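Participant: Data: protein_19.pdb, PDB, C-alpha atoms (C1' of nucleotides).
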```
ATOM      1  CA  MET S  70     -14.553  18.278 -16.293
ATOM      2  CA  VAL S  71     -11.167  17.509 -17.739
ATOM      3  CA  PHE S  72     -10.295  13.859 -17.727
ATOM      4  CA  GLU S  73      -6.902  13.279 -16.240
ATOM      5  CA  MET S  74      -5.549   9.775 -16.071
ATOM      6  CA  ASN S  75      -3.468   8.902 -13.059
ATOM      7  CA  TYR S  76      -0.843   6.255 -12.523
ATOM      8  CA  TRP S  77      -0.452   4.168  -9.395
ATOM      9  CA  LEU S  78       1.389   1.322  -7.823
ATOM     10  CA  PHE S  79      -0.550  -1.159  -5.667
ATOM     11  CA  LYS S  80       1.296  -3.627  -3.485
ATOM     12  CA  SER S  81       0.342  -7.160  -2.686
ATOM     13  CA  GLU S  82       2.129 -10.157  -1.282
ATOM     14  CA  PRO S  83       2.226 -12.771  -4.031
ATOM     15  CA  ASP S  84       1.745 -15.604  -1.525
ATOM     16  CA  VAL S  85      -1.526 -14.020  -0.460
ATOM     17  CA  TYR S  86      -2.705 -12.546  -3.759
ATOM     18  CA  GLY S  87      -0.294 -12.250  -6.655
ATOM     19  CA  ILE S  88      -0.705 -11.386 -10.310
ATOM     20  CA  ASP S  89      -1.392 -15.029 -11.146
ATOM     21  CA  HIS S  90      -4.366 -15.015  -8.788
ATOM     22  CA  LEU S  91      -5.745 -12.026 -10.677
ATOM     23  CA  ALA S  92      -5.042 -13.713 -14.012
ATOM     24  CA  ALA S  93      -7.070 -16.715 -12.842
ATOM     25  CA  GLU S  94     -10.187 -14.674 -11.924
ATOM     26  CA  PRO S  95     -13.173 -15.165 -14.256
ATOM     27  CA  LEU S  96     -12.903 -11.672 -15.798
ATOM     28  CA  GLN S  97      -9.287 -11.195 -14.690
ATOM     29  CA  GLN S  98     -10.857  -8.678 -12.383
ATOM     30  CA  CYS S  99     -10.989  -8.296  -8.608
ATOM     31  CA  ARG S 100     -11.785  -6.032  -5.685
ATOM     32  CA  TRP S 101      -8.675  -4.352  -4.297
ATOM     33  CA  ASP S 102      -9.621  -4.370  -0.623
ATOM     34  CA  GLY S 103      -8.135  -4.610   2.829
ATOM     35  CA  ILE S 104      -6.359  -1.254   2.644
ATOM     36  CA  ARG S 105      -6.079  -0.158   6.283
ATOM     37  CA  ASN S 106      -3.754   2.809   6.142
ATOM     38  CA  TYR S 107      -5.146   6.337   6.106
ATOM     39  CA  GLN S 108      -2.866   7.789   3.477
ATOM     40  CA  ALA S 109      -3.483   4.868   1.145
ATOM     41  CA  ARG S 110      -7.206   5.098   1.917
ATOM     42  CA  ASN S 111      -7.250   8.780   0.996
ATOM     43  CA  PHE S 112      -5.608   8.085  -2.358
ATOM     44  CA  LEU S 113      -8.110   5.317  -3.079
ATOM     45  CA  ARG S 114     -11.116   7.324  -2.001
ATOM     46  CA  ASP S 115     -10.194  10.718  -3.432
ATOM     47  CA  LYS S 116      -7.845  10.256  -6.357
ATOM     48  CA  VAL S 117      -8.114   6.813  -7.927
ATOM     49  CA  GLN S 118     -10.566   6.879 -10.818
ATOM     50  CA  VAL S 119     -11.883   4.614 -13.534
ATOM     51  CA  GLY S 120      -9.331   4.261 -16.325
ATOM     52  CA  ASP S 121      -6.301   4.875 -14.099
ATOM     53  CA  GLN S 122      -3.372   2.566 -14.801
ATOM     54  CA  VAL S 123      -1.867   0.599 -11.938
ATOM     55  CA  LEU S 124       1.396  -1.276 -11.541
ATOM     56  CA  PHE S 125       0.997  -4.574  -9.719
ATOM     57  CA  TYR S 126       3.857  -4.715  -7.211
ATOM     58  CA  HIS S 127       4.855  -7.890  -5.419
ATOM     59  CA  SER S 128       6.087  -7.145  -1.895
ATOM     60  CA  SER S 129       7.461  -9.163   1.032
ATOM     61  CA  CYS S 130       8.696 -11.950  -1.173
ATOM     62  CA  PRO S 131      12.002 -13.297  -2.508
ATOM     63  CA  ARG S 132      11.831 -11.113  -5.627
ATOM     64  CA  PRO S 133      10.068  -7.848  -4.874
ATOM     65  CA  GLY S 134       9.162  -5.793  -7.933
ATOM     66  CA  MET S 135       6.679  -5.092 -10.703
ATOM     67  CA  ALA S 136       4.671  -7.981 -12.092
ATOM     68  CA  GLY S 137       2.290  -6.275 -14.511
ATOM     69  CA  VAL S 138      -0.332  -3.628 -15.181
ATOM     70  CA  MET S 139      -3.944  -3.283 -14.080
ATOM     71  CA  GLU S 140      -6.659  -0.790 -14.895
ATOM     72  CA  VAL S 141      -9.194   0.643 -12.473
ATOM     73  CA  VAL S 142     -12.686  -0.424 -13.562
ATOM     74  CA  LYS S 143     -14.670   0.793 -10.554
ATOM     75  CA  ALA S 144     -13.910   3.829  -8.410
ATOM     76  CA  ALA S 145     -13.897   3.822  -4.603
ATOM     77  CA  TYR S 146     -16.785   2.296  -2.673
ATOM     78  CA  PRO S 147     -16.914   1.190   0.977
ATOM     79  CA  ASP S 148     -14.841  -1.934   1.544
ATOM     80  CA  PRO S 149     -17.428  -4.552   2.611
ATOM     81  CA  ALA S 150     -14.861  -6.334   4.766
ATOM     82  CA  GLN S 151     -14.954  -3.543   7.354
ATOM     83  CA  PHE S 152     -18.552  -4.579   8.238
ATOM     84  CA  ASP S 153     -17.849  -8.301   8.265
ATOM     85  CA  LEU S 154     -17.341  -9.673  11.782
ATOM     86  CA  GLU S 155     -15.685 -12.753  10.336
ATOM     87  CA  SER S 156     -13.110 -10.779   8.374
ATOM     88  CA  ASP S 157      -9.597  -9.919   9.466
ATOM     89  CA  TYR S 158     -10.398  -6.488   8.091
ATOM     90  CA  PHE S 159     -13.443  -5.930  10.322
ATOM     91  CA  ASP S 160     -13.441  -2.471  11.897
ATOM     92  CA  PRO S 161     -15.780  -1.832  14.836
ATOM     93  CA  LYS S 162     -15.558   1.928  14.222
ATOM     94  CA  ALA S 163     -17.045   1.618  10.741
ATOM     95  CA  THR S 164     -20.763   2.088  10.112
ATOM     96  CA  GLN S 165     -22.756   2.034   6.874
ATOM     97  CA  ASP S 166     -23.247   5.799   7.255
ATOM     98  CA  LYS S 167     -19.624   6.449   8.131
ATOM     99  CA  PRO S 168     -17.463   3.892   6.373
ATOM    100  CA  GLN S 169     -13.805   4.071   7.322
ATOM    101  CA  TRP S 170     -12.269   2.116   4.466
ATOM    102  CA  TYR S 171     -12.615   1.918   0.708
ATOM    103  CA  ALA S 172     -11.942  -0.511  -2.105
ATOM    104  CA  VAL S 173     -11.708  -0.217  -5.880
ATOM    105  CA  ASP S 174     -12.113  -2.830  -8.606
ATOM    106  CA  VAL S 175      -9.240  -3.535 -10.965
ATOM    107  CA  LYS S 176      -8.788  -5.582 -14.124
ATOM    108  CA  LEU S 177      -5.591  -7.165 -15.381
ATOM    109  CA  ARG S 178      -4.183  -5.414 -18.448
ATOM    110  CA  LYS S 179      -0.949  -7.286 -18.851
ATOM    111  CA  LYS S 180       1.450  -9.484 -17.021
ATOM    112  CA  PHE S 181       5.025  -8.494 -17.768
ATOM    113  CA  ALA S 182       6.913 -11.043 -19.852
ATOM    114  CA  ARG S 183       9.818 -10.465 -17.499
ATOM    115  CA  HIS S 184       9.426  -9.575 -13.845
ATOM    116  CA  LEU S 185      10.880  -6.111 -13.220
ATOM    117  CA  PRO S 186      12.785  -6.341  -9.939
ATOM    118  CA  LEU S 187      13.016  -3.636  -7.327
ATOM    119  CA  SER S 188      16.799  -3.687  -7.707
ATOM    120  CA  ALA S 189      16.457  -2.582 -11.358
ATOM    121  CA  LEU S 190      14.081   0.218 -10.389
ATOM    122  CA  LYS S 191      16.465   1.421  -7.708
ATOM    123  CA  ALA S 192      19.351   1.406 -10.150
ATOM    124  CA  HIS S 193      17.598   3.608 -12.710
ATOM    125  CA  PRO S 194      18.490   7.305 -12.310
ATOM    126  CA  ASP S 195      15.123   8.487 -13.682
ATOM    127  CA  LEU S 196      13.306   6.618 -10.929
ATOM    128  CA  LYS S 197      15.305   7.856  -7.966
ATOM    129  CA  ASP S 198      12.491  10.131  -6.779
ATOM    130  CA  MET S 199       9.763   7.494  -6.844
ATOM    131  CA  MET S 200       7.467   7.766  -3.866
ATOM    132  CA  LEU S 201       7.826   4.009  -3.556
ATOM    133  CA  PHE S 202      11.352   4.584  -2.221
ATOM    134  CA  ARG S 203      10.545   7.548  -0.015
ATOM    135  CA  GLN S 204       7.509   5.990   1.619
ATOM    136  CA  GLY S 205       8.377   2.360   1.577
ATOM    137  CA  ARG S 206       5.482   1.241   3.689
ATOM    138  CA  LEU S 207       2.678   2.803   1.682
ATOM    139  CA  SER S 208       0.628   0.203  -0.199
ATOM    140  CA  VAL S 209      -1.068   2.594  -2.650
ATOM    141  CA  VAL S 210       1.524   4.885  -4.200
ATOM    142  CA  PRO S 211       1.223   7.513  -6.939
ATOM    143  CA  VAL S 212       3.502   7.150  -9.970
ATOM    144  CA  THR S 213       4.257  10.096 -12.246
ATOM    145  CA  MET S 214       3.722   9.905 -15.992
ATOM    146  CA  ALA S 215       7.486  10.220 -16.539
ATOM    147  CA  GLU S 216       8.149   7.359 -14.141
ATOM    148  CA  TRP S 217       5.478   5.294 -15.830
ATOM    149  CA  GLN S 218       7.069   5.823 -19.224
ATOM    150  CA  THR S 219      10.487   4.911 -17.875
ATOM    151  CA  ILE S 220       9.097   1.702 -16.442
ATOM    152  CA  GLU S 221       7.349   0.878 -19.730
ATOM    153  CA  SER S 222      10.637   1.302 -21.577
ATOM    154  CA  MET S 223      12.407  -0.965 -19.076
ATOM    155  CA  VAL S 224       9.789  -3.644 -19.600
ATOM    156  CA  LYS S 225      10.185  -3.487 -23.380
ATOM    157  CA  GLY S 226      13.955  -3.160 -23.330
TER
ATOM    158  C1'  DG Z 200      15.718 -13.355  11.584
ATOM    159  C1'  DC Z 201      17.179  -8.625  11.747
ATOM    160  C1'  DC Z 202      16.418  -3.983  11.452
ATOM    161  C1'  DA Z 203      14.915   0.641   9.723
ATOM    162  C1'  DA Z 204      11.042   3.353   8.950
ATOM    163  C1'  DC Z 205       7.005   4.780  10.287
ATOM    164  C1'  DG Z 206       2.074   4.330  11.863
ATOM    165  C1'  DT Z 207      -0.870   3.726  16.034
ATOM    166  C1'  DT Z 208      -2.019   3.744  20.830
ATOM    167  C1'  DG Z 209      -2.454   5.451  25.249
ATOM    168  C1'  DG Z 210      -0.796   7.856  29.471
ATOM    169  C1'  DC Z 211      -0.134  12.276  31.046
TER
ATOM    170  C1'  DG W  74      -0.882  17.901  22.174
ATOM    171  C1'  DC W  75       3.356  15.438  23.337
ATOM    172  C1'  DC W  76       5.909  11.470  23.475
ATOM    173  C1'  DA W  77       7.234   6.757  24.701
ATOM    174  C1'  DA W  78       6.050   2.180  23.760
ATOM    175  C1'  DC W  79       4.618  -0.864  20.721
ATOM    176  C1'  DG W  80       3.150  -2.964  16.244
ATOM    177  C1'  DT W  81       3.580  -3.527  11.237
ATOM    178  C1'  DT W  82       5.708  -3.349   6.797
ATOM    179  C1'  DG W  83       8.998  -4.840   3.879
ATOM    180  C1'  DG W  84      13.855  -5.160   2.173
ATOM    181  C1'  DC W  85      17.776  -7.734   2.903
TER
END
```
Would you mind writing the file out in structure tokens?
Facilitator:
Amino acid sequence: MVFEMNYWLFKSEPDVYGIDHLAAEPLQQCRWDGIRNYQARNFLRDKVQVGDQVLFYHSSCPRPGMAGVMEVVKAAYPDPAQFDLESDYFDPKATQDKPQWYAVDVKLRKKFARHLPLSALKAHPDLKDMMLFRQGRLSVVPVTMAEWQTIESMVKG
DNA sequence: GCCAACGTTGGC
DNA sequence: GCCAACGTTGGC
């Protein structure tokens, strides 16, 4: 099997769980859970693999944009929260045999020295086709290698 | 707080 | 299966 690394963008609200929360975890690692959208679920379950690189995007906040980079360290497994009656993410339709929702584990790779705001991304001509803009509400979004490289250069520049 | 975009639900 | 109503996301 040919190993193909993929690039992604995962959204989170920094008030709820931002990049500094991840940085404060014991191994700077966490479970990316609570995804309750079918398209995002399908990406997580079927496409996201160990070694994939992930942009940490802060949404629904005063300064939406990219905060850093994570790496996938564990591929999709059933999100335990769907079975947890106490959880906001409990789903009565989910069973152990037929889980509805999946999670992956991610590890912090780097926090950007400078936050890269959404406004800068929107202004860059090479990023005009980003799926982030076309499907604004999707919380797990593919990023192309070209887009990734553009973003890397913006972070350095 | 407003609003656009879009996903979900439920009646038929 | 269609579609209206409603809910949620997320930028501004």
Participant: Select residues of chain W: the criterion is any atom within 10 Å of an atom of chain S, counting all atoms listed in the file; output as a list in words.
Facilitator: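 Result, ordered by chain then number: DT81, DT82, DG83, DG84 and DC85 of chain W.
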Participant: So which one's closest to Leu113 in chain S, S:Val85, S:Met74, S:Ala172, S:Ala182? Using all atoms listed in the file, please.
Facilitator: S:Ala172
Participant: Just give me the gap between CA of Trp101 in chain S and CA of Gly87 in chain S in Å, one decimal is fine.
Facilitator: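 CA of Gly87 in chain S lies at a distance of 11.8 Å from CA of Trp101 in chain S.
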Participant: Skipping near chain neighbours, those fewer than 2 positions away, what residues fall within 7 Å of Ala145 in chain S using all atoms listed in the file, listed as a VMD selection string?
Facilitator: chain S and resid 113 to 114 143 147 171 to 173
Participant: Go through S:Asn111, S:Ser81, S:Ser222, S:Gln122 one by one, measure the shortest atom-to-atom distance of each to Leu185 in chain S using all atoms listed in the file, and give the residue with the smallest value.
Facilitator: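 Nearest to Leu185 in chain S: S:Ser222.
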Participant: Using the chain letters and numbering of this document, enumerate as a ChimeraX atom specification the residues selected by the PyMOL selection byres ((chain S and resi 178) around 9).
Facilitator: /S:97,122,137-140,176-177,179-180
Participant: Which distance in Å separates CA of Val175 in chain S and CA of Asp102 in chain S, to one decimal?
Facilitator: 10.4 Å
Participant: Please supply range 210-221 of chain S, rebuilt with all heavy atoms, as a PDB file, keeping the file's coordinate frame.
Facilitator:
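The result, written out as selection_1.pdb:
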```pdb
ATOM      1  N   VAL S 210       0.541   3.833  -3.989  1.00  0.00           N
ATOM      2  CA  VAL S 210       1.524   4.885  -4.200  1.00  0.00           C
ATOM      3  C   VAL S 210       1.334   5.528  -5.573  1.00  0.00           C
ATOM      4  O   VAL S 210       1.236   4.815  -6.576  1.00  0.00           O
ATOM      5  CB  VAL S 210       2.956   4.313  -4.144  1.00  0.00           C
ATOM      6  CG1 VAL S 210       3.972   5.429  -4.061  1.00  0.00           C
ATOM      7  CG2 VAL S 210       3.127   3.346  -2.988  1.00  0.00           C
ATOM      8  N   PRO S 211       1.297   6.862  -5.636  1.00  0.00           N
ATOM      9  CA  PRO S 211       1.223   7.513  -6.939  1.00  0.00           C
ATOM     10  C   PRO S 211       2.517   7.328  -7.733  1.00  0.00           C
ATOM     11  O   PRO S 211       3.605   7.286  -7.158  1.00  0.00           O
ATOM     12  CB  PRO S 211       1.029   9.000  -6.610  1.00  0.00           C
ATOM     13  CG  PRO S 211       0.866   9.103  -5.140  1.00  0.00           C
ATOM     14  CD  PRO S 211       1.317   7.827  -4.528  1.00  0.00           C
ATOM     15  N   VAL S 212       2.371   7.246  -9.042  1.00  0.00           N
ATOM     16  CA  VAL S 212       3.502   7.150  -9.970  1.00  0.00           C
ATOM     17  C   VAL S 212       3.326   8.290 -10.970  1.00  0.00           C
ATOM     18  O   VAL S 212       2.214   8.512 -11.458  1.00  0.00           O
ATOM     19  CB  VAL S 212       3.489   5.783 -10.698  1.00  0.00           C
ATOM     20  CG1 VAL S 212       4.565   5.707 -11.768  1.00  0.00           C
ATOM     21  CG2 VAL S 212       3.653   4.639  -9.700  1.00  0.00           C
ATOM     22  N   THR S 213       4.389   9.008 -11.275  1.00  0.00           N
ATOM     23  CA  THR S 213       4.257  10.096 -12.246  1.00  0.00           C
ATOM     24  C   THR S 213       4.247   9.527 -13.669  1.00  0.00           C
ATOM     25  O   THR S 213       4.672   8.393 -13.905  1.00  0.00           O
ATOM     26  CB  THR S 213       5.417  11.109 -12.134  1.00  0.00           C
ATOM     27  OG1 THR S 213       6.622  10.458 -12.563  1.00  0.00           O
ATOM     28  CG2 THR S 213       5.575  11.632 -10.720  1.00  0.00           C
ATOM     29  N   MET S 214       3.766  10.363 -14.604  1.00  0.00           N
ATOM     30  CA  MET S 214       3.722   9.905 -15.992  1.00  0.00           C
ATOM     31  C   MET S 214       5.137   9.601 -16.500  1.00  0.00           C
ATOM     32  O   MET S 214       5.363   8.617 -17.209  1.00  0.00           O
ATOM     33  CB  MET S 214       3.066  10.958 -16.879  1.00  0.00           C
ATOM     34  CG  MET S 214       2.714  10.426 -18.259  1.00  0.00           C
ATOM     35  SD  MET S 214       2.146  11.702 -19.411  1.00  0.00           S
ATOM     36  CE  MET S 214       0.666  12.269 -18.598  1.00  0.00           C
ATOM     37  N   ALA S 215       6.097  10.432 -16.115  1.00  0.00           N
ATOM     38  CA  ALA S 215       7.486  10.220 -16.539  1.00  0.00           C
ATOM     39  C   ALA S 215       8.017   8.892 -16.002  1.00  0.00           C
ATOM     40  O   ALA S 215       8.678   8.133 -16.722  1.00  0.00           O
ATOM     41  CB  ALA S 215       8.362  11.374 -16.070  1.00  0.00           C
ATOM     42  N   GLU S 216       7.703   8.622 -14.738  1.00  0.00           N
ATOM     43  CA  GLU S 216       8.149   7.359 -14.141  1.00  0.00           C
ATOM     44  C   GLU S 216       7.493   6.173 -14.842  1.00  0.00           C
ATOM     45  O   GLU S 216       8.136   5.149 -15.109  1.00  0.00           O
ATOM     46  CB  GLU S 216       7.816   7.339 -12.644  1.00  0.00           C
ATOM     47  CG  GLU S 216       8.687   8.285 -11.832  1.00  0.00           C
ATOM     48  CD  GLU S 216       8.103   8.636 -10.461  1.00  0.00           C
ATOM     49  OE1 GLU S 216       6.949   8.233 -10.165  1.00  0.00           O
ATOM     50  OE2 GLU S 216       8.788   9.315  -9.697  1.00  0.00           O
ATOM     51  N   TRP S 217       6.216   6.355 -15.139  1.00  0.00           N
ATOM     52  CA  TRP S 217       5.478   5.294 -15.830  1.00  0.00           C
ATOM     53  C   TRP S 217       6.140   4.963 -17.167  1.00  0.00           C
ATOM     54  O   TRP S 217       6.356   3.806 -17.515  1.00  0.00           O
ATOM     55  CB  TRP S 217       4.023   5.717 -16.045  1.00  0.00           C
ATOM     56  CG  TRP S 217       3.189   4.628 -16.643  1.00  0.00           C
ATOM     57  CD1 TRP S 217       3.063   4.321 -17.969  1.00  0.00           C
ATOM     58  CD2 TRP S 217       2.397   3.670 -15.936  1.00  0.00           C
ATOM     59  NE1 TRP S 217       2.240   3.242 -18.131  1.00  0.00           N
ATOM     60  CE2 TRP S 217       1.809   2.821 -16.899  1.00  0.00           C
ATOM     61  CE3 TRP S 217       2.121   3.451 -14.582  1.00  0.00           C
ATOM     62  CZ2 TRP S 217       0.958   1.774 -16.556  1.00  0.00           C
ATOM     63  CZ3 TRP S 217       1.265   2.405 -14.246  1.00  0.00           C
ATOM     64  CH2 TRP S 217       0.704   1.583 -15.217  1.00  0.00           C
ATOM     65  N   GLN S 218       6.469   6.030 -17.902  1.00  0.00           N
ATOM     66  CA  GLN S 218       7.069   5.823 -19.224  1.00  0.00           C
ATOM     67  C   GLN S 218       8.438   5.164 -19.123  1.00  0.00           C
ATOM     68  O   GLN S 218       8.792   4.311 -19.939  1.00  0.00           O
ATOM     69  CB  GLN S 218       7.134   7.151 -19.973  1.00  0.00           C
ATOM     70  CG  GLN S 218       5.749   7.585 -20.457  1.00  0.00           C
ATOM     71  CD  GLN S 218       5.664   9.055 -20.854  1.00  0.00           C
ATOM     72  OE1 GLN S 218       6.618   9.811 -20.669  1.00  0.00           O
ATOM     73  NE2 GLN S 218       4.514   9.454 -21.381  1.00  0.00           N
ATOM     74  N   THR S 219       9.190   5.556 -18.100  1.00  0.00           N
ATOM     75  CA  THR S 219      10.487   4.911 -17.875  1.00  0.00           C
ATOM     76  C   THR S 219      10.311   3.421 -17.617  1.00  0.00           C
ATOM     77  O   THR S 219      11.029   2.582 -18.178  1.00  0.00           O
ATOM     78  CB  THR S 219      11.206   5.566 -16.677  1.00  0.00           C
ATOM     79  OG1 THR S 219      11.409   6.944 -16.961  1.00  0.00           O
ATOM     80  CG2 THR S 219      12.544   4.896 -16.405  1.00  0.00           C
ATOM     81  N   ILE S 220       9.344   3.106 -16.781  1.00  0.00           N
ATOM     82  CA  ILE S 220       9.097   1.702 -16.442  1.00  0.00           C
ATOM     83  C   ILE S 220       8.653   0.919 -17.675  1.00  0.00           C
ATOM     84  O   ILE S 220       9.121  -0.194 -17.922  1.00  0.00           O
ATOM     85  CB  ILE S 220       8.079   1.596 -15.286  1.00  0.00           C
ATOM     86  CG1 ILE S 220       8.730   2.104 -13.990  1.00  0.00           C
ATOM     87  CG2 ILE S 220       7.572   0.165 -15.117  1.00  0.00           C
ATOM     88  CD1 ILE S 220       7.756   2.475 -12.901  1.00  0.00           C
ATOM     89  N   GLU S 221       7.780   1.522 -18.483  1.00  0.00           N
ATOM     90  CA  GLU S 221       7.349   0.878 -19.730  1.00  0.00           C
ATOM     91  C   GLU S 221       8.555   0.554 -20.620  1.00  0.00           C
ATOM     92  O   GLU S 221       8.643  -0.528 -21.201  1.00  0.00           O
ATOM     93  CB  GLU S 221       6.400   1.797 -20.500  1.00  0.00           C
ATOM     94  CG  GLU S 221       5.061   1.982 -19.831  1.00  0.00           C
ATOM     95  CD  GLU S 221       4.016   0.976 -20.311  1.00  0.00           C
ATOM     96  OE1 GLU S 221       3.328   1.287 -21.292  1.00  0.00           O
ATOM     97  OE2 GLU S 221       3.898  -0.095 -19.692  1.00  0.00           O
TER      98      GLU S 221
END
```
